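Student: Below is the file protein26.txt, with compact mmCIF, C-alpha atoms and all ligand atoms.
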```
# COMPACT_ATOMS: atom_id res chain seq x y z
CA MET A 170 4.07 28.58 15.31
CA GLN A 171 4.54 28.69 11.54
CA ALA A 172 1.31 28.02 9.58
CA TYR A 173 1.10 24.59 7.97
CA GLN A 174 -1.26 22.16 6.25
CA PHE A 175 -1.38 18.41 6.82
CA HIS A 176 -2.99 15.54 4.93
CA TYR A 177 -3.26 12.30 6.93
CA GLY A 178 -3.12 9.96 3.96
CA PRO A 179 -5.24 7.10 2.66
CA ARG A 180 -7.66 5.00 4.68
CA LEU A 181 -5.78 2.05 6.16
CA VAL A 182 -6.57 -1.63 6.21
CA ALA A 183 -3.86 -3.36 8.19
CA GLY A 184 -2.97 -6.71 9.70
CA GLN A 185 -2.00 -10.25 8.83
CA GLY A 186 -3.98 -11.34 5.72
CA ALA A 187 -5.39 -7.81 5.08
CA ALA A 188 -4.56 -8.05 1.36
CA GLU A 189 -7.03 -10.91 0.93
CA ARG A 190 -9.84 -8.38 1.52
CA LEU A 191 -8.89 -6.17 -1.43
CA GLY A 192 -12.07 -7.04 -3.32
CA GLU A 193 -14.24 -5.52 -0.54
CA LEU A 194 -12.61 -2.11 -0.98
CA LEU A 195 -13.10 -1.43 -4.67
CA PRO A 196 -16.22 -0.60 -6.74
CA ALA A 197 -17.83 -3.30 -8.90
CA GLY A 198 -16.35 -3.54 -12.41
CA ARG A 199 -13.02 -4.34 -14.00
CA CYS A 200 -9.86 -3.61 -12.00
CA LEU A 201 -6.37 -2.97 -13.40
CA PHE A 202 -3.94 -4.87 -11.12
CA VAL A 203 -0.38 -3.51 -11.47
CA THR A 204 2.51 -5.61 -10.17
CA ASP A 205 5.85 -7.08 -11.31
CA ALA A 206 6.75 -10.48 -12.76
CA ASN A 207 8.87 -11.51 -9.76
CA ILE A 208 6.01 -10.90 -7.33
CA ARG A 209 3.66 -12.82 -9.63
CA ALA A 210 6.11 -15.75 -9.80
CA LEU A 211 6.45 -15.81 -6.01
CA GLY A 212 2.66 -16.25 -5.76
CA LEU A 213 2.29 -13.24 -3.44
CA ALA A 214 -0.60 -11.85 -5.46
CA ASP A 215 -2.60 -15.09 -5.69
CA SER A 216 -4.95 -14.63 -2.71
CA PRO A 217 -5.48 -10.88 -3.26
CA LEU A 218 -6.27 -11.56 -6.94
CA ALA A 219 -8.77 -14.25 -5.94
CA SER A 220 -10.74 -11.60 -4.04
CA LEU A 221 -11.27 -9.55 -7.24
CA ALA A 222 -14.13 -10.65 -9.50
CA ASP A 223 -13.07 -8.94 -12.75
CA VAL A 224 -9.40 -8.12 -13.19
CA ILE A 225 -6.78 -7.31 -15.83
CA ILE A 226 -3.24 -8.05 -14.67
CA PHE A 227 -0.33 -5.86 -15.79
CA ASP A 228 2.84 -7.44 -14.40
CA ALA A 229 5.53 -5.92 -16.63
CA VAL A 230 6.78 -3.25 -14.19
CA GLU A 231 10.59 -3.12 -13.92
CA GLN A 232 12.62 -1.57 -11.09
CA ASP A 233 12.74 2.21 -11.60
CA PRO A 234 9.83 2.05 -14.06
CA SER A 235 10.01 3.84 -17.40
CA ARG A 236 7.53 6.05 -19.19
CA GLU A 237 7.00 3.27 -21.76
CA THR A 238 5.98 0.86 -18.99
CA LEU A 239 3.59 3.42 -17.55
CA MET A 240 1.95 4.00 -20.93
CA ALA A 241 1.66 0.23 -21.50
CA ALA A 242 -0.12 -0.07 -18.14
CA VAL A 243 -2.49 2.75 -19.14
CA ALA A 244 -3.25 0.97 -22.43
CA ALA A 245 -3.92 -2.30 -20.57
CA GLY A 246 -6.29 -0.48 -18.20
CA GLU A 247 -8.59 0.93 -20.87
CA GLY A 248 -12.19 0.39 -19.68
CA CYS A 249 -11.20 -0.38 -16.07
CA VAL A 250 -13.04 1.33 -13.20
CA SER A 251 -10.38 0.90 -10.49
CA VAL A 252 -6.65 0.30 -10.07
CA VAL A 253 -4.55 -1.70 -7.59
CA GLY A 254 -0.79 -1.22 -7.16
CA PHE A 255 0.75 -4.34 -5.61
CA GLY A 256 4.48 -4.51 -4.90
CA GLY A 257 7.37 -2.25 -4.03
CA GLY A 258 7.59 1.41 -4.98
CA SER A 259 7.94 0.56 -8.67
CA PRO A 260 4.51 -1.08 -9.24
CA MET A 261 2.80 1.33 -6.82
CA ASP A 262 4.20 4.38 -8.63
CA VAL A 263 3.01 3.02 -12.01
CA ALA A 264 -0.43 2.23 -10.54
CA LYS A 265 -0.85 5.76 -9.15
CA LEU A 266 -0.10 7.49 -12.42
CA ALA A 267 -2.07 4.93 -14.46
CA ALA A 268 -5.11 5.54 -12.23
CA TYR A 269 -4.67 9.28 -12.71
CA LEU A 270 -4.14 9.21 -16.49
CA LEU A 271 -7.04 6.77 -17.03
CA GLY A 272 -9.38 8.83 -14.85
CA SER A 273 -8.43 12.34 -15.95
CA GLY A 274 -7.47 11.82 -19.59
CA ASP A 275 -4.59 14.30 -18.99
CA ASP A 276 -1.41 14.29 -21.06
CA LEU A 277 1.56 13.11 -18.93
CA ASP A 278 3.79 15.91 -20.20
CA THR A 279 1.51 18.58 -18.71
CA ILE A 280 1.62 17.25 -15.13
CA TRP A 281 5.32 16.73 -14.22
CA GLY A 282 6.33 18.57 -11.05
CA VAL A 283 4.45 19.69 -7.97
CA GLY A 284 0.72 20.40 -7.91
CA LYS A 285 0.05 20.23 -11.68
CA ALA A 286 -2.18 17.10 -11.71
CA LEU A 287 -5.58 18.53 -10.81
CA GLY A 288 -7.98 16.07 -12.47
CA ALA A 289 -9.80 13.05 -11.03
CA ARG A 290 -8.22 9.59 -10.97
CA LEU A 291 -9.87 6.16 -10.83
CA PRO A 292 -10.44 4.58 -7.37
CA LEU A 293 -7.04 3.32 -6.19
CA ALA A 294 -5.78 0.84 -3.57
CA LEU A 295 -2.04 0.38 -2.91
CA VAL A 296 -0.52 -2.71 -1.30
CA PRO A 297 3.20 -2.45 -0.41
CA THR A 298 5.30 -5.63 -0.43
CA THR A 299 8.48 -3.79 0.63
CA ALA A 300 8.98 -1.70 3.78
CA GLY A 301 9.56 0.55 2.07
CA THR A 302 9.16 3.53 -0.07
CA GLY A 303 5.98 4.64 1.71
CA SER A 304 4.62 5.19 -1.80
CA GLU A 305 1.24 3.83 -0.61
CA ALA A 306 1.00 6.97 1.56
CA THR A 307 2.22 9.64 -0.84
CA GLY A 308 1.01 11.66 -3.81
CA VAL A 309 4.38 11.14 -5.51
CA SER A 310 5.12 8.93 -8.50
CA VAL A 311 8.67 8.61 -9.83
CA ILE A 312 9.18 7.60 -13.49
CA THR A 313 12.46 7.22 -15.39
CA ILE A 314 12.57 9.13 -18.67
CA GLY A 315 14.90 8.45 -21.61
CA GLY A 316 16.71 5.70 -19.72
CA SER A 317 18.38 7.88 -17.08
CA VAL A 318 16.44 10.89 -15.75
CA LYS A 319 14.04 10.42 -12.84
CA ASN A 320 10.99 12.68 -13.15
CA ALA A 321 8.17 12.92 -10.64
CA VAL A 322 4.53 13.88 -10.51
CA ASN A 323 3.61 15.14 -7.04
CA SER A 324 0.00 16.01 -6.42
CA PRO A 325 -2.76 15.23 -3.88
CA ALA A 326 -4.69 13.74 -6.82
CA LEU A 327 -2.27 10.79 -6.68
CA ASN A 328 -2.88 9.98 -3.00
CA ALA A 329 -4.62 6.58 -2.88
CA ASP A 330 -8.06 5.88 -1.43
CA TRP A 331 -6.78 2.80 0.41
CA ALA A 332 -3.45 1.58 1.73
CA VAL A 333 -3.37 -2.09 2.68
CA LEU A 334 -0.59 -3.03 5.12
CA ASP A 335 -0.20 -6.81 5.28
CA PRO A 336 3.14 -7.79 6.90
CA GLU A 337 2.80 -11.38 5.64
CA LEU A 338 3.62 -10.09 2.14
CA THR A 339 7.06 -8.89 3.28
CA VAL A 340 8.19 -12.11 5.01
CA GLY A 341 9.97 -13.43 1.90
CA LEU A 342 11.87 -10.22 1.11
CA PRO A 343 15.55 -11.03 0.45
CA ARG A 344 17.98 -9.53 2.98
CA HIS A 345 19.44 -6.92 0.62
CA VAL A 346 15.96 -5.67 -0.34
CA THR A 347 14.88 -5.59 3.33
CA ALA A 348 18.00 -3.56 4.14
CA ALA A 349 17.88 -1.13 1.21
CA THR A 350 14.14 -0.43 1.40
CA GLY A 351 14.33 -0.12 5.20
CA ILE A 352 17.07 2.50 4.93
CA ASP A 353 15.04 4.34 2.28
CA ALA A 354 12.21 4.53 4.82
CA MET A 355 14.60 5.81 7.52
CA VAL A 356 15.83 8.51 5.13
CA HIS A 357 12.21 9.56 4.50
CA ALA A 358 11.75 10.05 8.25
CA ILE A 359 15.06 11.92 8.65
CA GLU A 360 14.51 14.23 5.67
CA ALA A 361 10.88 14.95 6.70
CA TYR A 362 12.14 15.95 10.16
CA THR A 363 14.55 18.52 8.68
CA SER A 364 12.41 19.53 5.66
CA ALA A 365 13.19 23.22 5.09
CA ARG A 366 9.87 24.64 3.96
CA ARG A 367 7.14 22.35 5.26
CA LYS A 368 8.44 20.82 8.50
CA ASN A 369 5.43 20.60 10.81
CA PRO A 370 4.58 19.06 14.20
CA VAL A 371 2.45 16.21 12.82
CA SER A 372 5.14 15.08 10.37
CA ASP A 373 7.69 15.42 13.20
CA MET A 374 5.69 13.09 15.44
CA LEU A 375 5.29 10.52 12.66
CA ALA A 376 8.94 10.79 11.60
CA LYS A 377 10.19 10.16 15.14
CA GLU A 378 7.96 7.13 15.66
CA ALA A 379 8.89 5.87 12.18
CA LEU A 380 12.58 6.16 12.97
CA ARG A 381 12.11 4.38 16.30
CA LEU A 382 10.22 1.47 14.71
CA LEU A 383 12.56 1.19 11.74
CA SER A 384 15.85 1.46 13.64
CA GLN A 385 14.75 -1.08 16.26
CA ASN A 386 13.53 -3.64 13.74
CA LEU A 387 15.76 -3.37 10.66
CA LEU A 388 18.46 -5.80 11.82
CA ARG A 389 15.89 -8.16 13.32
CA ALA A 390 14.09 -8.31 9.97
CA CYS A 391 17.40 -8.83 8.13
CA GLU A 392 18.58 -11.58 10.44
CA ARG A 393 15.26 -13.34 11.08
CA PRO A 394 13.21 -12.82 7.92
CA ASP A 395 10.16 -14.62 9.32
CA ASP A 396 10.01 -12.51 12.50
CA ARG A 397 6.48 -11.28 11.83
CA ALA A 398 6.51 -8.72 14.64
CA ALA A 399 9.65 -7.13 13.17
CA ARG A 400 8.11 -7.20 9.67
CA ALA A 401 4.90 -5.56 10.93
CA ASN A 402 6.91 -2.83 12.68
CA MET A 403 8.96 -2.18 9.54
CA LEU A 404 5.82 -1.88 7.40
CA LEU A 405 4.17 0.50 9.87
CA GLY A 406 7.36 2.53 10.27
CA ALA A 407 7.73 2.86 6.49
CA HIS A 408 4.09 3.95 6.24
CA TYR A 409 4.46 6.59 8.98
CA ALA A 410 7.57 7.88 7.23
CA GLY A 411 5.59 8.04 3.97
CA VAL A 412 2.80 10.11 5.54
CA ALA A 413 5.44 12.34 7.17
CA PHE A 414 7.30 13.09 3.95
CA ASP A 415 4.15 13.50 1.89
CA ASN A 416 3.63 16.61 4.03
CA ALA A 417 7.27 17.58 4.71
CA PRO A 418 9.11 16.58 1.52
CA VAL A 419 12.47 14.83 1.22
CA ALA A 420 15.60 16.71 0.26
CA GLY A 421 19.34 16.46 -0.38
CA VAL A 422 19.87 12.74 0.27
CA HIS A 423 17.21 11.89 -2.32
CA ALA A 424 18.51 14.57 -4.72
CA LEU A 425 21.95 12.93 -4.72
CA ALA A 426 20.50 9.40 -4.74
CA TYR A 427 18.37 9.79 -7.88
CA PRO A 428 21.26 10.17 -10.39
CA LEU A 429 22.74 6.92 -9.01
CA GLY A 430 19.47 5.15 -9.79
CA GLY A 431 18.97 6.88 -13.14
CA HIS A 432 22.49 6.41 -14.58
CA PHE A 433 23.82 3.33 -12.78
CA HIS A 434 20.62 1.47 -11.85
CA VAL A 435 21.59 1.36 -8.19
CA PRO A 436 18.38 0.32 -6.31
CA HIS A 437 16.66 3.34 -4.78
CA GLY A 438 17.20 2.45 -1.12
CA LEU A 439 20.86 1.53 -1.65
CA SER A 440 21.54 4.79 -3.50
CA ASN A 441 20.12 6.71 -0.51
CA SER A 442 22.21 4.68 1.88
CA LEU A 443 25.45 5.34 -0.07
CA VAL A 444 25.18 9.14 0.21
CA LEU A 445 23.29 9.40 3.52
CA THR A 446 26.02 10.15 6.08
CA HIS A 447 27.88 12.47 3.69
CA VAL A 448 24.81 14.66 3.14
CA LEU A 449 24.04 14.65 6.89
CA GLY A 450 27.62 15.82 7.53
CA HIS A 451 27.11 18.66 5.04
CA ASN A 452 23.83 19.67 6.73
CA MET A 453 25.21 19.34 10.26
CA PRO A 454 25.98 23.04 10.92
CA VAL A 455 22.33 24.03 10.34
CA ALA A 456 20.51 20.81 11.26
CA MET A 457 22.45 19.91 14.41
CA ARG A 458 19.52 20.40 16.82
CA ASP A 459 17.18 18.24 14.72
CA TYR A 460 19.81 15.52 14.33
CA ALA A 461 20.43 15.64 18.10
CA GLU A 462 16.71 15.02 18.71
CA LEU A 463 16.72 12.13 16.24
CA GLY A 464 19.87 10.75 17.91
CA CYS A 465 17.89 10.42 21.15
CA VAL A 466 15.18 8.54 19.22
CA LEU A 467 17.77 6.03 17.97
CA ASP A 468 19.32 5.74 21.43
CA PRO A 469 17.53 7.28 24.45
CA SER A 470 20.71 6.86 26.54
CA LEU A 471 22.20 9.82 24.61
CA ALA A 472 19.84 12.18 26.49
CA SER A 473 22.48 13.36 28.97
CA LEU A 474 24.98 14.43 26.28
CA SER A 475 25.37 17.84 24.61
CA ALA A 476 23.37 18.49 21.44
CA GLN A 477 26.56 18.35 19.40
CA ALA A 478 27.50 14.94 20.81
CA GLN A 479 23.95 13.64 20.27
CA ALA A 480 23.98 14.80 16.64
CA GLN A 481 27.40 13.28 16.04
CA ALA A 482 26.28 10.00 17.62
CA PHE A 483 23.18 10.04 15.38
CA VAL A 484 25.30 10.00 12.23
CA GLU A 485 27.65 7.36 13.70
CA ARG A 486 24.73 5.10 14.74
CA LEU A 487 23.28 5.31 11.22
CA ALA A 488 26.64 4.41 9.68
CA ALA A 489 26.97 1.42 12.05
CA LEU A 490 23.44 0.24 11.28
CA THR A 491 24.10 0.41 7.54
CA ARG A 492 27.35 -1.55 7.97
CA ALA A 493 25.56 -4.22 9.99
CA THR A 494 22.98 -4.80 7.23
CA GLY A 495 25.78 -5.92 4.89
CA LEU A 496 24.86 -3.46 2.11
CA PRO A 497 27.71 -2.14 -0.09
CA LEU A 498 29.15 0.98 1.54
CA ARG A 499 30.99 2.79 -1.26
CA LEU A 500 30.14 3.98 -4.76
CA SER A 501 33.29 2.21 -5.99
CA ASP A 502 31.72 -1.11 -4.87
CA LEU A 503 29.18 -0.48 -7.66
CA GLY A 504 31.65 0.43 -10.40
CA ILE A 505 31.27 4.19 -9.98
CA GLY A 506 34.59 6.05 -10.21
CA PRO A 507 36.12 9.56 -10.24
CA GLU A 508 35.32 9.87 -13.95
CA HIS A 509 31.60 9.92 -13.08
CA LEU A 510 31.69 12.71 -10.49
CA ASP A 511 30.99 15.62 -12.86
CA LEU A 512 28.03 13.86 -14.45
CA LEU A 513 26.54 12.92 -11.07
CA ALA A 514 26.95 16.43 -9.65
CA ALA A 515 25.37 18.02 -12.74
CA GLU A 516 22.45 15.57 -12.61
CA ALA A 517 21.86 16.16 -8.89
CA MET A 518 21.38 19.87 -9.61
CA LYS A 519 18.36 18.96 -11.77
CA GLN A 520 16.53 17.67 -8.66
CA GLU A 521 15.42 21.19 -7.80
CA ARG A 522 12.09 19.95 -6.41
CA LEU A 523 14.09 18.12 -3.71
CA LEU A 524 17.03 20.48 -3.20
CA ILE A 525 14.72 23.30 -2.12
CA ASN A 526 13.69 21.20 0.90
CA ASN A 527 17.24 20.70 2.16
CA PRO A 528 18.05 22.51 5.41
CA CYS A 529 20.98 24.27 3.68
CA PRO A 530 21.94 24.85 0.04
CA ILE A 531 23.84 22.17 -1.90
CA SER A 532 25.80 23.68 -4.81
CA GLN A 533 27.12 21.67 -7.74
CA ALA A 534 30.61 21.84 -6.18
CA ASP A 535 29.18 20.59 -2.86
CA ALA A 536 27.44 17.71 -4.64
CA ARG A 537 30.67 16.74 -6.41
CA ARG A 538 32.57 16.81 -3.09
CA LEU A 539 29.88 14.68 -1.39
CA TYR A 540 29.92 12.07 -4.17
CA GLU A 541 33.73 12.07 -4.02
CA ALA A 542 33.59 11.39 -0.28
CA ALA A 543 31.25 8.45 -0.99
CA LEU A 544 33.50 6.89 -3.69
N1 LIG B 1 6.34 7.39 -4.68
C1 LIG B 1 7.16 7.60 -3.68
O1 LIG B 1 6.82 8.30 -2.74
C2 LIG B 1 8.49 6.92 -3.70
C3 LIG B 1 9.35 7.01 -2.61
C4 LIG B 1 10.58 6.36 -2.67
C5 LIG B 1 10.93 5.63 -3.80
N2 LIG B 1 10.07 5.57 -4.86
C6 LIG B 1 10.37 4.78 -6.07
O2 LIG B 1 10.12 3.42 -5.77
C7 LIG B 1 10.97 2.58 -6.54
C8 LIG B 1 11.73 1.64 -5.62
O3 LIG B 1 10.80 0.83 -4.92
P1 LIG B 1 11.31 -0.37 -3.97
O4 LIG B 1 12.58 0.03 -3.32
O5 LIG B 1 10.16 -0.77 -3.13
O6 LIG B 1 11.70 -1.50 -5.01
P2 LIG B 1 10.97 -2.21 -6.26
O7 LIG B 1 9.52 -2.00 -6.27
O8 LIG B 1 11.72 -1.74 -7.50
O9 LIG B 1 11.30 -3.74 -5.95
C9 LIG B 1 12.64 -4.18 -5.79
C10 LIG B 1 12.73 -5.68 -5.99
O10 LIG B 1 12.16 -6.34 -4.87
C11 LIG B 1 11.25 -7.34 -5.31
N3 LIG B 1 10.23 -7.52 -4.28
C12 LIG B 1 9.28 -6.62 -3.89
N4 LIG B 1 8.54 -7.13 -2.90
C13 LIG B 1 9.01 -8.39 -2.65
C14 LIG B 1 8.66 -9.42 -1.71
N5 LIG B 1 7.70 -9.22 -0.83
N6 LIG B 1 9.36 -10.56 -1.75
C15 LIG B 1 10.39 -10.75 -2.61
N7 LIG B 1 10.77 -9.81 -3.52
C16 LIG B 1 10.08 -8.64 -3.53
C17 LIG B 1 10.70 -6.82 -6.61
O11 LIG B 1 10.18 -7.85 -7.41
C18 LIG B 1 11.96 -6.19 -7.21
O12 LIG B 1 12.74 -7.16 -7.84
C19 LIG B 1 11.92 3.49 -7.30
O13 LIG B 1 11.44 3.66 -8.62
C20 LIG B 1 11.83 4.80 -6.52
O14 LIG B 1 12.13 5.93 -7.31
C21 LIG B 1 8.87 6.19 -4.82
FE FE B 2 12.94 7.23 -1.06
```
How does this structure look as structure tokens?
Ligand SMILES: NC(=O)c1ccc[n+]([C@@H]2O[C@H](COP(=O)([O-])OP(=O)(O)OC[C@H]3O[C@@H](n4cnc5c(N)ncnc54)[C@H](O)[C@@H]3O)[C@@H](O)[C@H]2O)c1
Ligand SMILES: [Fe+2]
Tutor:
Amino acid sequence: MQAYQFHYGPRLVAGQGAAERLGELLPAGRCLFVTDANIRALGLADSPLASLADVIIFDAVEQDPSRETLMAAVAAGEGCVSVVGFGGGSPMDVAKLAAYLLGSGDDLDTIWGVGKALGARLPLALVPTTAGTGSEATGVSVITIGGSVKNAVNSPALNADWAVLDPELTVGLPRHVTAATGIDAMVHAIEAYTSARRKNPVSDMLAKEALRLLSQNLLRACERPDDRAARANMLLGAHYAGVAFDNAPVAGVHALAYPLGGHFHVPHGLSNSLVLTHVLGHNMPVAMRDYAELGCVLDPSLASLSAQAQAQAFVERLAALTRATGLPLRLSDLGIGPEHLDLLAAEAMKQERLLINNPCPISQADARRLYEAAL
């Protein structure tokens, strides 16, 4: 067996109403509470905030948060002794880096990339309200620079102390957010399972169970938003996928998705969904056995088929699931046309940190062809 390392992730507090116990988890003193204005307006943060004695609220996080937003959160958190990230991936990613920059005093420009943030952050609790990026489980924070380029800091120093999984917070998620964030989580599980350099048996186990939970509950959660069992399964599945890919990092689907978010502001989960089956088709010759195994997770009745048929059925089942959610299926549905292909392909090549995890190489010409197929 190939040598590997595994980090199990933050301590978990989970269950209906778990977020109301936030105050018990953090040290005494002022807490920086990072969220977004929509979540504030929906009242989702009211009970959790009531459990914190001394709190500064920063609720100006936008989707695909910018460096300016991050630095404003850091300024707001001056003098705080702990940080909470409450929301989807966007507020959680800002909270992670704010906790790190406030605790370490490091300069952001010295820590981009993998393993460069080595200082100490402030105590940190993350509460996802989407299911989801799995950001509450990972040491990754994604920030948009200069309006279009997505940069990441990836370091164990960003892994939270606590993840709080409260399915009640996700009950009001609109259908398109449920669908897009759920597919993002499925992609995390799939890409962890085929991760080229750091695939390992513990991530594999989590990725399979994540995919089972997510694929069985995504349509239920879309069609019956208040199905709390489905919501709880989605949140747990997204978390498992997060722990899996924190140890076996994501790859080509995310590399091609990021330029869609950066340049065209396509939501992260939707941008993954738009390129997913095309990248899987490209990887098929080398990843067929893994995809066959995942096919049997999606549908155990495939077990009697050949590996090739199982792998093919895997891609077809994913395409059918995406169609059933009602998400847009083509880049052209979002105003992206042939004139954008060169830009997208060139930008995807900048996601070297992700491309090196893909089961086979993706050249710039491959990327252009894959975007073209998704038009
Ligand atoms: N750190 C990681 O490991 C990681 C992994 C994947 C993606 N990301 C990043 O996460 C971000 C995307 O996060 P996201 O997809 O969770 O979306 P998001 O945080 O940008 O939120 C999307 C929208 O959903 C709304 N929303 C969130 N929770 C809600 C709820 N419970 N009810 C109603 N509305 C709600 C938000 O207000 C927002 O309008 C991107 O910046 C992406 O790059 C990070
Ligand atoms: Fe993702």
Student: Neighbours of ligand LIG 1 (chain B) at 7 Å or closer, counting only C-alpha atoms and all ligand atoms: which residues, as a PyMOL selection string?
Tutor: chain A and resi 205-208+231-234+256-260+262+298-299+301-304+307-312+338-343+346+350+353+411+436-438
Student: What is the CA of Asp395 (chain A)-CA of Leu221 (chain A) distance in Å, reported with one decimal?
Tutor: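 About the pair CA of Asp395 (chain A) and CA of Leu221 (chain A): they are 27.6 Å apart.
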Student: Tell me, as a ChimeraX atom specification, which residues lie within 10 Å of Pro428 (chain A), counting only C-alpha atoms; anything in the same chain fewer than 2 positions away does not count.
Tutor: /A:317-319,423-426,430-435,437,440,512-520
Student: Identify the residues around (-12.8, -7.8, -13.5) within a radius of 7 Å, measuring from all atoms listed in the file in the coordinates stated by the file, and give them as a list of chain:residue names.
Tutor: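 All residues meeting the 7 Å criterion around (-12.8, -7.8, -13.5) are A:Gly198, A:Arg199, A:Cys200, A:Leu221, A:Ala222, A:Asp223, A:Val224, A:Ile225.
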Student: For Leu539 (chain A), work out the shell of residues within 7 Å, counting only C-alpha atoms and skipping chain neighbours fewer than 4 positions away, then give it as number ranges by chain.
Tutor: A: 447-448, 535, 543
Student: Quick one: distance from CA of Leu334 (chain A) to CA of Ala379 (chain A) in Å, one decimal?
Tutor: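 Separation of CA of Leu334 (chain A) and CA of Ala379 (chain A): 14.8 Å.
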Student: With all atoms listed in the file as the basis for distance, which of A:Ala219, A:Ala326, A:Leu295, A:Met355 is at the shortest distance from ligand FE 2 (chain B)?
Tutor: A:Met355
Student: Please identify all polymer residues within 6 Å of region 263-274 of chain A, counting all atoms listed in the file, omitting same-chain residues fewer than 4 positions from it, and present them as a PDB file with C-alpha atoms, in the coordinates of the input.
Tutor:
```
ATOM      1  CA  VAL A 203      -0.380  -3.510 -11.470  1.00  0.00           C
ATOM      2  CA  LEU A 239       3.590   3.420 -17.550  1.00  0.00           C
ATOM      3  CA  VAL A 243      -2.490   2.750 -19.140  1.00  0.00           C
ATOM      4  CA  VAL A 252      -6.650   0.300 -10.070  1.00  0.00           C
ATOM      5  CA  GLY A 254      -0.790  -1.220  -7.160  1.00  0.00           C
ATOM      6  CA  GLY A 288      -7.980  16.070 -12.470  1.00  0.00           C
ATOM      7  CA  ALA A 289      -9.800  13.050 -11.030  1.00  0.00           C
ATOM      8  CA  ARG A 290      -8.220   9.590 -10.970  1.00  0.00           C
ATOM      9  CA  LEU A 291      -9.870   6.160 -10.830  1.00  0.00           C
ATOM     10  CA  LEU A 327      -2.270  10.790  -6.680  1.00  0.00           C
TER      11      LEU A 327
END
```
Student: Considering all atoms listed in the file, can you say which of A:Ala349, A:Arg381, A:Phe227, A:Trp281 comes closest to Thr313 (chain A)?
Tutor: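 For Thr313 (chain A), the nearest of the candidates is A:Trp281.
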Student: Measuring between all atoms listed in the file, which one of A:Ala242, A:Val182, A:Ala410, A:Ala214 shows the shortest distance to ligand FE 2 (chain B)?
Tutor: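 Closest to ligand FE 2 (chain B) of all the choices is A:Ala410.
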Student: Let me make sure I understand: among A:Leu213, A:Ala365, A:Ala399, A:Val444, which one has the smallest atom-to-atom distance to Cys529 (chain A) if we use all atoms listed in the file?
Tutor: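 Of A:Leu213, A:Ala365, A:Ala399, A:Val444, the one nearest Cys529 (chain A) is A:Ala365, counting all atoms listed in the file.
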